[in-house]
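Shown here: work_6.tsv, TSV, C-alpha atoms.
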```
chain	number	residue	atom	x	y	z
A	590	MET	CA	-39.08	-115.16	-9.69
A	591	ARG	CA	-40.63	-112.16	-8.14
A	592	ARG	CA	-38.44	-109.96	-6.10
A	593	ARG	CA	-39.71	-109.18	-2.69
A	594	LYS	CA	-40.46	-105.58	-2.07
A	595	ARG	CA	-38.64	-104.17	0.83
A	596	LYS	CA	-40.99	-103.14	3.61
A	597	GLY	CA	-40.43	-100.20	5.80
A	598	LYS	CA	-39.87	-96.48	5.29
A	599	THR	CA	-37.48	-95.23	2.71
A	600	THR	CA	-35.04	-92.88	4.34
A	601	LEU	CA	-33.89	-89.88	2.38
A	602	PRO	CA	-30.27	-88.86	2.65
A	603	PRO	CA	-29.76	-85.89	5.01
A	604	ALA	CA	-30.39	-82.57	3.24
A	605	GLU	CA	-27.45	-80.21	2.89
A	606	VAL	CA	-27.68	-76.55	2.08
A	607	ASN	CA	-24.66	-75.21	0.31
A	608	VAL	CA	-24.22	-71.65	1.52
A	609	VAL	CA	-20.91	-71.03	-0.23
A	610	SER	CA	-22.51	-69.07	-3.07
A	611	LEU	CA	-24.61	-67.07	-0.66
A	612	MET	CA	-21.53	-66.13	1.36
A	613	ASP	CA	-19.74	-65.05	-1.82
A	614	ILE	CA	-22.64	-62.81	-2.83
A	615	LEU	CA	-22.94	-61.30	0.63
A	616	THR	CA	-19.22	-60.60	0.87
A	617	SER	CA	-19.18	-58.90	-2.52
A	618	LEU	CA	-22.33	-56.93	-1.65
A	619	LEU	CA	-20.71	-55.73	1.54
A	620	PHE	CA	-17.55	-54.45	-0.15
A	621	PHE	CA	-19.43	-52.73	-2.91
A	622	ILE	CA	-21.89	-51.07	-0.56
A	623	LEU	CA	-18.90	-49.68	1.32
A	624	MET	CA	-17.42	-48.43	-1.96
A	625	VAL	CA	-20.68	-46.86	-3.14
A	626	ILE	CA	-21.11	-45.02	0.16
A	627	SER	CA	-17.72	-43.37	-0.35
A	628	PHE	CA	-18.68	-42.31	-3.91
A	629	SER	CA	-21.91	-40.60	-2.85
A	630	LYS	CA	-20.23	-37.74	-1.06
A	631	TYR	CA	-21.09	-35.00	-3.54
A	632	ALA	CA	-23.92	-32.56	-2.91
A	633	ILE	CA	-25.08	-29.41	-4.69
A	634	LEU	CA	-25.67	-25.84	-3.63
A	635	ASP	CA	-28.31	-24.07	-5.77
A	636	ALA	CA	-28.02	-20.45	-6.77
A	637	THR	CA	-29.05	-18.16	-9.62
A	638	SER	CA	-27.24	-15.39	-11.42
A	639	LEU	CA	-27.73	-11.67	-11.32
A	640	ILE	CA	-25.96	-10.25	-14.31
A	641	SER	CA	-23.74	-7.36	-13.17
A	642	GLY	CA	-25.22	-3.94	-13.73
A	643	GLU	CA	-28.88	-4.90	-13.57
A	644	PRO	CA	-30.15	-3.92	-10.09
A	645	ASP	CA	-33.71	-3.51	-11.36
A	646	GLU	CA	-35.31	-4.88	-8.19
A	647	ARG	CA	-34.19	-1.84	-6.23
A	648	ASP	CA	-36.51	0.48	-8.19
A	649	LYS	CA	-39.66	-1.41	-7.17
A	650	LYS	CA	-41.25	-1.83	-3.76
A	651	VAL	CA	-39.89	-5.28	-3.22
A	652	PHE	CA	-37.79	-6.72	-0.45
A	653	SER	CA	-34.10	-6.39	-1.25
A	654	LEU	CA	-31.27	-7.73	0.86
A	655	GLN	CA	-27.68	-7.86	-0.31
A	656	VAL	CA	-24.56	-8.97	1.50
A	657	SER	CA	-21.24	-8.16	-0.16
A	658	PHE	CA	-18.03	-9.92	0.85
A	659	LEU	CA	-14.86	-7.98	0.24
A	660	LYS	CA	-11.35	-9.20	0.82
A	661	THR	CA	-8.78	-6.50	1.26
A	662	LYS	CA	-5.05	-6.43	0.50
A	663	THR	CA	-3.99	-6.01	4.12
A	664	LYS	CA	-2.83	-9.17	5.85
A	665	CYS	CA	-3.61	-9.98	9.44
A	666	ARG	CA	-2.24	-12.53	11.86
A	667	TYR	CA	-4.59	-14.21	14.28
A	668	ASN	CA	-4.60	-16.99	16.78
A	669	ASP	CA	-7.19	-19.72	17.05
A	670	LYS	CA	-7.27	-23.28	18.39
A	671	GLN	CA	-5.09	-24.50	15.55
A	672	GLY	CA	-2.36	-21.91	16.08
A	673	MET	CA	-1.30	-18.75	14.29
A	674	HIS	CA	-2.67	-17.95	10.82
A	675	TYR	CA	-2.08	-15.33	8.20
A	676	THR	CA	-4.96	-14.20	6.05
A	677	THR	CA	-6.37	-11.10	4.44
A	678	TYR	CA	-9.08	-9.10	6.16
A	679	THR	CA	-12.65	-9.78	5.10
A	680	ASP	CA	-15.28	-7.06	5.20
A	681	ALA	CA	-19.01	-7.57	4.80
A	682	LEU	CA	-21.50	-4.94	3.72
A	683	VAL	CA	-25.13	-5.61	4.59
A	684	GLU	CA	-27.60	-3.60	2.50
A	685	LEU	CA	-31.31	-3.74	3.31
A	686	GLY	CA	-33.39	-2.04	0.62
A	687	PRO	CA	-36.21	0.45	1.21
A	688	THR	CA	-38.77	-0.98	3.64
A	689	VAL	CA	-41.58	1.53	2.93
A	690	GLY	CA	-44.68	-0.27	1.72
A	691	LEU	CA	-43.40	-3.73	2.70
A	692	LYS	CA	-45.16	-6.03	5.15
A	693	ILE	CA	-43.04	-6.11	8.32
A	694	VAL	CA	-43.67	-8.26	11.38
A	695	LYS	CA	-43.23	-6.04	14.46
A	696	SER	CA	-41.70	-3.02	12.72
A	697	SER	CA	-40.74	-1.51	16.09
A	698	ARG	CA	-38.50	-4.51	16.76
A	699	LEU	CA	-36.83	-4.05	13.34
A	700	LYS	CA	-36.23	-0.36	14.09
A	701	ARG	CA	-34.65	-1.20	17.47
A	702	PHE	CA	-32.45	-3.86	15.85
A	703	LEU	CA	-31.26	-1.50	13.09
A	704	LYS	CA	-30.52	1.26	15.57
A	705	SER	CA	-28.69	-0.92	18.11
A	706	ASN	CA	-26.55	-2.50	15.34
A	707	LYS	CA	-25.57	0.89	13.92
A	708	PHE	CA	-27.23	0.67	10.54
A	709	SER	CA	-27.19	3.95	8.64
A	710	GLY	CA	-29.95	5.07	6.30
A	711	SER	CA	-33.70	5.36	6.37
A	712	ALA	CA	-36.83	3.43	5.55
A	713	GLU	CA	-37.21	5.35	2.26
A	714	ASN	CA	-33.65	4.85	1.01
A	715	GLY	CA	-32.66	1.61	2.69
A	716	TYR	CA	-30.13	0.73	5.38
A	717	THR	CA	-26.45	-0.25	5.27
A	718	ARG	CA	-23.95	-1.57	7.76
A	719	LEU	CA	-20.30	-2.32	7.10
A	720	LEU	CA	-18.57	-4.99	9.18
A	721	THR	CA	-14.84	-4.48	8.83
A	722	LYS	CA	-11.54	-6.14	9.44
A	723	PHE	CA	-12.46	-9.66	10.33
A	724	CYS	CA	-9.41	-11.91	10.29
A	725	ASP	CA	-11.45	-15.01	10.93
A	726	SER	CA	-14.13	-15.36	8.25
A	727	ALA	CA	-15.93	-18.04	10.31
A	728	LYS	CA	-16.56	-15.42	13.05
A	729	LEU	CA	-17.81	-12.93	10.47
A	730	LEU	CA	-20.23	-15.48	9.01
A	731	SER	CA	-21.42	-16.48	12.48
A	732	LYS	CA	-22.16	-12.84	13.35
A	733	LEU	CA	-23.98	-12.33	10.08
A	734	ARG	CA	-26.06	-15.47	10.49
A	735	ASN	CA	-26.92	-15.32	14.17
A	736	ASN	CA	-27.39	-11.60	14.52
A	737	PHE	CA	-28.11	-9.74	11.32
A	738	LEU	CA	-29.83	-12.24	9.06
A	739	LYS	CA	-31.79	-13.87	11.88
A	740	ASN	CA	-33.29	-10.56	12.96
A	741	ILE	CA	-34.06	-9.46	9.40
A	742	LYS	CA	-35.72	-12.83	8.75
A	743	LYS	CA	-37.88	-12.43	11.86
A	744	SER	CA	-39.21	-9.16	10.43
A	745	PHE	CA	-39.66	-10.52	6.89
A	746	PRO	CA	-40.59	-14.21	7.42
A	747	ASN	CA	-41.98	-14.70	3.88
A	748	GLU	CA	-38.91	-13.39	2.09
A	749	ASN	CA	-36.43	-15.99	0.83
A	750	LYS	CA	-34.18	-14.16	-1.62
A	751	ILE	CA	-30.78	-12.74	-0.87
A	752	ILE	CA	-28.18	-11.28	-3.21
A	753	ILE	CA	-24.59	-12.22	-2.40
A	754	ALA	CA	-21.77	-10.29	-4.01
A	755	PHE	CA	-18.06	-11.10	-3.93
A	756	ASN	CA	-15.00	-9.17	-4.93
A	757	ASP	CA	-12.11	-10.64	-6.91
A	758	LYS	CA	-10.01	-11.81	-3.97
A	759	VAL	CA	-12.63	-14.03	-2.34
A	760	LEU	CA	-11.73	-17.71	-2.75
A	761	TYR	CA	-14.22	-20.28	-3.99
A	762	GLN	CA	-14.30	-22.16	-0.65
A	763	GLU	CA	-15.05	-18.87	1.12
A	764	MET	CA	-17.78	-18.21	-1.42
A	765	ILE	CA	-19.37	-21.59	-0.68
A	766	ASP	CA	-19.09	-21.01	3.10
A	767	ALA	CA	-20.77	-17.62	2.70
A	768	MET	CA	-23.58	-19.10	0.58
A	769	ASN	CA	-24.13	-21.83	3.21
A	770	SER	CA	-24.37	-19.21	5.93
A	771	MET	CA	-26.89	-17.09	4.05
A	772	ARG	CA	-29.21	-20.07	3.38
A	773	ALA	CA	-29.68	-21.35	6.91
A	774	LEU	CA	-28.26	-21.54	10.39
A	775	LEU	CA	-25.67	-24.23	10.93
A	776	PRO	CA	-26.49	-27.32	13.05
A	777	GLU	CA	-24.58	-25.86	16.01
A	778	ASP	CA	-26.62	-22.60	15.96
A	779	LYS	CA	-29.83	-22.29	17.96
A	780	ALA	CA	-33.11	-22.29	16.04
A	781	PHE	CA	-35.22	-19.15	16.34
A	782	ASP	CA	-38.93	-18.31	16.45
A	783	ILE	CA	-40.61	-17.01	13.34
A	784	VAL	CA	-44.20	-16.01	12.63
A	785	ASN	CA	-45.87	-18.13	9.98
A	786	LEU	CA	-48.07	-15.50	8.36
A	787	ALA	CA	-50.23	-18.01	6.50
A	788	ALA	CA	-51.05	-20.08	9.59
A	789	ASN	CA	-50.78	-17.09	11.97
A	790	LYS	CA	-48.67	-18.97	14.48
A	791	THR	CA	-45.11	-19.00	15.75
A	792	GLU	CA	-42.79	-21.82	14.84
A	793	LYS	CA	-39.10	-22.67	15.23
A	794	THR	CA	-36.90	-22.60	12.17
A	795	ARG	CA	-33.26	-22.51	11.06
A	796	VAL	CA	-34.00	-21.37	7.50
A	797	LEU	CA	-32.80	-17.89	6.58
A	798	PHE	CA	-32.74	-16.97	2.87
A	799	PRO	CA	-32.46	-20.15	0.77
A	800	GLN	CA	-32.81	-18.48	-2.66
A	801	LEU	CA	-29.33	-17.24	-3.43
A	802	ILE	CA	-28.50	-14.81	-6.20
A	803	VAL	CA	-24.78	-14.59	-6.89
A	804	THR	CA	-23.17	-11.52	-8.38
A	805	GLU	CA	-19.94	-9.60	-8.52
A	806	ASP	CA	-19.23	-6.63	-6.27
A	807	LEU	CA	-18.14	-3.70	-8.44
A	808	SER	CA	-18.84	-0.84	-6.10
A	809	ARG	CA	-15.73	-0.72	-4.01
A	810	ASP	CA	-12.01	-0.77	-4.84
A	811	VAL	CA	-9.85	-2.68	-2.40
B	1252	MET	CA	17.39	-109.44	4.50
B	1253	SER	CA	15.01	-109.18	1.77
B	1254	LYS	CA	14.85	-106.05	-0.06
B	1255	LYS	CA	11.57	-104.83	-0.84
B	1256	ARG	CA	11.13	-104.33	-4.38
B	1257	TYR	CA	9.55	-101.24	-5.37
B	1258	LYS	CA	7.80	-101.60	-8.52
B	1259	ASN	CA	7.26	-98.50	-10.55
B	1260	LYS	CA	3.61	-98.05	-10.51
B	1261	ARG	CA	1.75	-95.51	-12.48
B	1262	VAL	CA	-0.51	-93.59	-10.17
B	1263	ASN	CA	-3.70	-92.55	-11.83
B	1264	LEU	CA	-4.83	-89.29	-10.37
B	1265	ALA	CA	-8.50	-88.47	-10.43
B	1266	GLU	CA	-9.59	-85.78	-12.86
B	1267	ALA	CA	-9.34	-82.31	-11.35
B	1268	ASN	CA	-12.57	-80.36	-11.33
B	1269	VAL	CA	-12.57	-76.63	-10.91
B	1270	ASN	CA	-15.72	-75.36	-9.31
B	1271	ILE	CA	-16.31	-71.87	-10.66
B	1272	THR	CA	-19.75	-71.36	-9.13
B	1273	SER	CA	-18.40	-68.99	-6.46
B	1274	LEU	CA	-16.39	-67.05	-9.00
B	1275	LEU	CA	-19.45	-66.55	-11.18
B	1276	ASP	CA	-21.45	-65.33	-8.19
B	1277	VAL	CA	-18.81	-62.75	-7.34
B	1278	LEU	CA	-18.51	-61.58	-10.94
B	1279	THR	CA	-22.27	-61.25	-11.33
B	1280	VAL	CA	-22.57	-59.08	-8.25
B	1281	LEU	CA	-19.55	-57.02	-9.35
B	1282	LEU	CA	-21.17	-56.46	-12.71
B	1283	PHE	CA	-24.48	-55.27	-11.28
B	1284	PHE	CA	-22.84	-52.83	-8.90
B	1285	LEU	CA	-20.52	-51.42	-11.55
B	1286	ILE	CA	-23.48	-50.80	-13.86
B	1287	GLN	CA	-25.37	-49.17	-11.01
B	1288	SER	CA	-22.53	-46.85	-10.02
B	1289	PHE	CA	-21.88	-45.71	-13.63
B	1290	THR	CA	-25.45	-44.63	-14.21
B	1291	VAL	CA	-25.83	-42.50	-11.06
B	1292	ASN	CA	-24.71	-39.22	-12.69
B	1293	ASN	CA	-21.88	-37.81	-14.73
B	1294	VAL	CA	-20.58	-35.63	-11.94
B	1295	SER	CA	-18.93	-38.52	-10.11
B	1296	SER	CA	-15.82	-38.07	-12.29
B	1297	LEU	CA	-13.88	-34.91	-11.60
B	1298	PRO	CA	-11.39	-33.48	-14.10
B	1299	GLU	CA	-7.78	-33.45	-12.97
B	1300	GLY	CA	-6.59	-30.64	-10.75
B	1301	ILE	CA	-9.89	-29.84	-9.03
B	1302	ARG	CA	-10.45	-30.13	-5.29
B	1303	LEU	CA	-14.04	-29.31	-4.42
B	1304	PRO	CA	-14.90	-27.08	-1.46
B	1305	ALA	CA	-16.69	-28.64	1.51
B	1306	SER	CA	-20.22	-27.83	2.59
B	1307	ILE	CA	-22.97	-29.09	4.91
B	1308	ILE	CA	-25.51	-29.16	2.05
B	1309	GLU	CA	-27.22	-32.49	1.34
B	1310	ASN	CA	-29.09	-31.81	-1.94
B	1311	GLU	CA	-28.62	-34.40	-4.65
B	1312	ILE	CA	-27.16	-33.66	-8.06
B	1313	GLU	CA	-29.40	-33.38	-11.13
B	1314	GLU	CA	-28.28	-34.33	-14.62
B	1315	THR	CA	-27.18	-31.13	-16.43
B	1316	VAL	CA	-24.35	-29.64	-18.48
B	1317	VAL	CA	-21.18	-29.75	-16.35
B	1318	VAL	CA	-18.69	-26.89	-16.42
B	1319	ALA	CA	-15.47	-27.40	-14.45
B	1320	LEU	CA	-12.68	-24.95	-13.70
B	1321	SER	CA	-9.24	-25.93	-12.49
B	1322	LYS	CA	-6.13	-23.77	-12.03
B	1323	ASP	CA	-5.20	-24.00	-15.70
B	1324	LYS	CA	-8.12	-25.43	-17.66
B	1325	LEU	CA	-11.81	-24.90	-18.26
B	1326	TYR	CA	-13.85	-28.00	-19.07
B	1327	ALA	CA	-17.37	-28.44	-20.40
B	1328	ASP	CA	-18.82	-31.95	-20.14
B	1329	ASN	CA	-15.31	-33.27	-19.41
B	1330	LYS	CA	-13.83	-31.77	-22.59
B	1331	VAL	CA	-11.11	-29.10	-22.35
B	1332	ILE	CA	-12.56	-25.88	-23.78
B	1333	ILE	CA	-9.98	-23.31	-22.67
B	1334	THR	CA	-6.40	-23.56	-21.37
B	1335	PHE	CA	-4.92	-20.62	-19.55
B	1336	LYS	CA	-1.77	-19.67	-17.63
B	1337	ASN	CA	-0.86	-17.67	-14.54
B	1338	GLY	CA	-4.44	-17.60	-13.31
B	1339	LYS	CA	-5.69	-15.40	-16.17
B	1340	PHE	CA	-7.66	-16.10	-19.32
B	1341	SER	CA	-5.97	-14.98	-22.52
B	1342	ALA	CA	-7.33	-11.97	-24.36
B	1343	GLN	CA	-8.31	-14.01	-27.42
B	1344	ASP	CA	-10.71	-16.10	-25.31
B	1345	ILE	CA	-12.49	-13.11	-23.76
B	1346	GLY	CA	-15.21	-11.23	-25.63
B	1347	GLU	CA	-15.59	-7.50	-26.18
B	1348	ASP	CA	-17.55	-7.04	-22.96
B	1349	ASN	CA	-14.47	-8.23	-21.03
B	1350	ARG	CA	-16.62	-10.80	-19.23
B	1351	THR	CA	-17.66	-13.51	-21.68
B	1352	LEU	CA	-15.53	-16.54	-22.51
B	1353	ILE	CA	-16.18	-17.06	-26.21
B	1354	PRO	CA	-15.33	-20.79	-26.55
B	1355	LEU	CA	-17.49	-21.63	-23.53
B	1356	GLN	CA	-20.36	-19.50	-24.80
B	1357	LYS	CA	-20.26	-21.25	-28.20
B	1358	TYR	CA	-20.34	-24.67	-26.55
B	1359	LEU	CA	-23.20	-23.84	-24.18
B	1360	THR	CA	-25.28	-22.17	-26.88
B	1361	LYS	CA	-24.89	-25.27	-29.04
B	1362	GLN	CA	-26.00	-27.51	-26.14
B	1363	LEU	CA	-29.01	-25.31	-25.44
B	1364	LYS	CA	-30.04	-25.38	-29.08
B	1365	LYS	CA	-29.79	-29.17	-29.14
B	1366	LYS	CA	-31.87	-29.35	-25.98
B	1367	TYR	CA	-34.60	-27.18	-27.40
B	1368	ALA	CA	-34.30	-28.28	-31.03
B	1369	LEU	CA	-37.84	-29.59	-31.05
B	1370	VAL	CA	-39.29	-26.41	-29.56
B	1371	GLN	CA	-37.26	-24.23	-31.91
B	1372	GLY	CA	-38.50	-26.31	-34.83
B	1373	VAL	CA	-42.05	-25.09	-34.23
B	1374	GLY	CA	-40.99	-21.45	-34.12
B	1375	ARG	CA	-40.77	-20.78	-30.34
B	1376	ASP	CA	-38.37	-18.10	-29.13
B	1377	LEU	CA	-35.54	-19.70	-27.09
B	1378	SER	CA	-35.22	-16.66	-24.83
B	1379	LYS	CA	-38.75	-17.21	-23.47
B	1380	LEU	CA	-38.08	-20.75	-22.31
B	1381	PRO	CA	-37.23	-21.49	-18.64
B	1382	PRO	CA	-33.53	-20.99	-17.81
B	1383	GLY	CA	-31.22	-23.93	-18.17
B	1384	LYS	CA	-29.36	-25.44	-15.23
B	1385	VAL	CA	-25.62	-25.92	-15.18
B	1386	THR	CA	-23.48	-27.90	-12.76
B	1387	ILE	CA	-20.32	-26.13	-11.68
B	1388	GLN	CA	-17.21	-27.84	-10.35
B	1389	ALA	CA	-14.26	-25.70	-9.36
B	1390	ASP	CA	-11.16	-25.94	-7.25
B	1391	ARG	CA	-11.68	-24.59	-3.75
B	1392	GLU	CA	-8.69	-22.24	-3.94
B	1393	LEU	CA	-9.68	-20.42	-7.11
B	1394	PRO	CA	-10.31	-16.70	-6.65
B	1395	PHE	CA	-13.60	-15.11	-7.62
B	1396	SER	CA	-11.71	-13.10	-10.25
B	1397	LEU	CA	-11.57	-16.31	-12.36
B	1398	MET	CA	-14.96	-17.69	-11.34
B	1399	LYS	CA	-16.81	-14.56	-12.43
B	1400	TYR	CA	-15.90	-15.08	-16.09
B	1401	MET	CA	-17.30	-18.58	-16.01
B	1402	LEU	CA	-20.45	-17.56	-14.11
B	1403	HIS	CA	-21.13	-14.61	-16.39
B	1404	THR	CA	-20.65	-16.67	-19.56
B	1405	VAL	CA	-22.89	-19.43	-18.28
B	1406	ALA	CA	-25.65	-16.95	-17.36
B	1407	THR	CA	-25.54	-15.10	-20.68
B	1408	SER	CA	-25.70	-18.39	-22.59
B	1409	GLY	CA	-29.12	-19.18	-21.13
B	1410	TYR	CA	-28.09	-21.15	-18.04
B	1411	SER	CA	-28.83	-18.83	-15.15
B	1412	ASP	CA	-29.49	-21.58	-12.58
B	1413	TYR	CA	-26.29	-22.81	-10.98
B	1414	GLN	CA	-25.63	-26.06	-9.14
B	1415	PHE	CA	-22.32	-25.80	-7.29
B	1416	VAL	CA	-20.89	-29.25	-6.60
B	1417	VAL	CA	-19.37	-29.55	-3.14
B	1418	ASN	CA	-17.97	-32.28	-0.93
B	1419	ALA	CA	-20.64	-33.05	1.65
B	1420	LYS	CA	-19.31	-32.51	5.17
B	1421	ASP	CA	-20.28	-35.12	7.78
```

Step by step, read the file and then write its structure as structure tokens.
Amino acid sequence: MRRRKRKGKTTLPPAEVNVVSLMDILTSLLFFILMVISFSKYAILDATSLISGEPDERDKKVFSLQVSFLKTKTKCRYNDKQGMHYTTYTDALVELGPTVGLKIVKSSRLKRFLKSNKFSGSAENGYTRLLTKFCDSAKLLSKLRNNFLKNIKKSFPNENKIIIAFNDKVLYQEMIDAMNSMRALLPEDKAFDIVNLAANKTEKTRVLFPQLIVTEDLSRDV
Amino acid sequence: MSKKRYKNKRVNLAEANVNITSLLDVLTVLLFFLIQSFTVNNVSSLPEGIRLPASIIENEIEETVVVALSKDKLYADNKVIITFKNGKFSAQDIGEDNRTLIPLQKYLTKQLKKKYALVQGVGRDLSKLPPGKVTIQADRELPFSLMKYMLHTVATSGYSDYQFVVNAKD
């Protein structure tokens, strides 16, 4: 006997999507992304070496800027927002090499800046200025960045190299802070106008001297 | 009253199935992320006793020779090269120029020669090649009086480009 075929539509069972595996993957992804973010907290600060005793650049007509950080033996006590601190004094010596024969933007402005900030020296021999007895190294770095280096950069917009020297007592964290300050203004500092010599226009920048040359300061005993 | 009789019946439990699909998913994702984090760079592991200084810099690390300095040890590629006490290197580790650390110089020179073995094999002078790069990790409280030995040795061994590893500040 033939079986009768059932007429009518065949109904499929309701479809179910099992999202359990998907939820597992997403949960694991989430935790590991959080973990990876905490691992990626290292960054690098580039610098090059200047082997002690080889100041050859000073004999040629090239731009030369050196900032030496010197920690002295004398302790000082100072008060800031976090309370009283003891530290040793930090001095900074800014040395701008001979400027004769170099291309300077608004040389009259550079002369006024050097005179008003009590630099000693001349265009033929170079200029120096010693900043002494700073208890708070953050204030010293801020002064260097926002006053001295900014104004020198305005006069020499195409120059990017700076030599940084340290004496034996300077700590590694202080060395890194100093290198940061020489490279560029911090986010809280105001950007300044600089002449782009190639395009012959003025633009805002925070970059100071990003090519750092690290050396040891041998010239002074403290 | 009739007492109900309880017959001892054997209850046949259904076979227990363990569904390990979710477990496999989790393990697969774990595996991929572990592989990914291990291959990022070799700087992610710091030797013991080093706390990096903080900085606002955001540059990423490149793969190079790693030299690390803690308060009592000097490492090169995670191997202890020099041990010292009281914050001073011993006289036997310092060269005649009073600046070079001999064990570190030997290690770095060997690494540089390996790196340029092919070039050297065709007679090129190593000193005319571009300077090597070295990654430096050091404890934030170390004085420059210790750092200068390491920096000088690294520079005179042919690695005059430094990469200082810092903790990125937010």

Q: Show me which bits of chain B are within 7 Å of chain A, counting all atoms listed in the file, as a PyMOL selection string.
A: chain B and resi 1273+1276-1277+1280+1284+1304+1306+1308-1312+1391-1396+1403+1406+1411-1419

Q) Can you tell me how far atom CA of A:Glu777 sits from atom CA of A:Asn735, in Å to one decimal? A)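 Distance between the two atoms: 11.0 Å.
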
Test item: residues at most 6 Å from stretch 650-664 of chain A, only C-alpha atoms, excluding those fewer than 5 positions along its chain, as a compact mmCIF listing (two decimals) with C-alpha atoms, keeping the file's coordinate frame:
```txt
# COMPACT_ATOMS: atom_id res chain seq x y z
CA THR A 676 -4.96 -14.20 6.05
CA THR A 677 -6.37 -11.10 4.44
CA TYR A 678 -9.08 -9.10 6.16
CA THR A 679 -12.65 -9.78 5.10
CA ASP A 680 -15.28 -7.06 5.20
CA ALA A 681 -19.01 -7.57 4.80
CA LEU A 682 -21.50 -4.94 3.72
CA VAL A 683 -25.13 -5.61 4.59
CA GLU A 684 -27.60 -3.60 2.50
CA LEU A 685 -31.31 -3.74 3.31
CA GLY A 686 -33.39 -2.04 0.62
CA ILE A 751 -30.78 -12.74 -0.87
CA ILE A 752 -28.18 -11.28 -3.21
CA ILE A 753 -24.59 -12.22 -2.40
CA ALA A 754 -21.77 -10.29 -4.01
CA PHE A 755 -18.06 -11.10 -3.93
CA ASN A 756 -15.00 -9.17 -4.93
CA LYS A 758 -10.01 -11.81 -3.97
CA VAL A 759 -12.63 -14.03 -2.34
CA VAL A 811 -9.85 -2.68 -2.40
```

Q) Hey, can you check how far atom CA of A:Asn789 sits from atom CA of A:Lys732? A)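 Calculated distance between atom CA of A:Asn789 and atom CA of A:Lys732 is 29.0 Å.
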
Q) When you draw a straight line from atom CA of B:Tyr1410 to atom CA of B:Gln1356, how long is it in Å? A)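 Between atom CA of B:Tyr1410 and atom CA of B:Gln1356 the gap works out to 10.4 Å.
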
Q) Which is closest to A:Lys742 among A:Ala787, A:Leu774, A:Leu729, A:Leu720, if we use all atoms listed in the file? A) A:Leu774

Q: Would you kindly return, as JSON, numbers by chain, each protein, DNA or RNA residue with an atom no farther than 12 Å from any atom of A:Asn785, considering all atoms listed in the file and excluding same-chain residues fewer than 2 positions away?
A: {"A": [694, 742, 743, 744, 745, 746, 747, 748, 782, 783, 787, 788, 789, 790, 791, 792, 793, 794]}

Q: May I have the residues within 9 Å of B:Asp1323 as a ChimeraX atom specification, using all atoms listed in the file and disregarding those fewer than 5 positions away in the same chain?
A: /B:1300,1333-1339

Q) If I put a ball of radius 6 Å at (-15.4, -26.5, -11.8) in the file's coordinates, which residues poke into it when counting all atoms listed in the file, written as a PyMOL selection string? A) chain B and resi 1318-1320+1387-1389

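Residues in contact range of B:Asn1349, defined as at most 12 Å between only C-alpha atoms, with sequence neighbours fewer than 3 positions away removed, read Phe1340, Ser1341, Ala1342, Gln1343, Asp1344, Ile1345, Gly1346, Leu1352, Ile1353, Lys1399, Tyr1400, Met1401, His1403 and Thr1404 of chain B.
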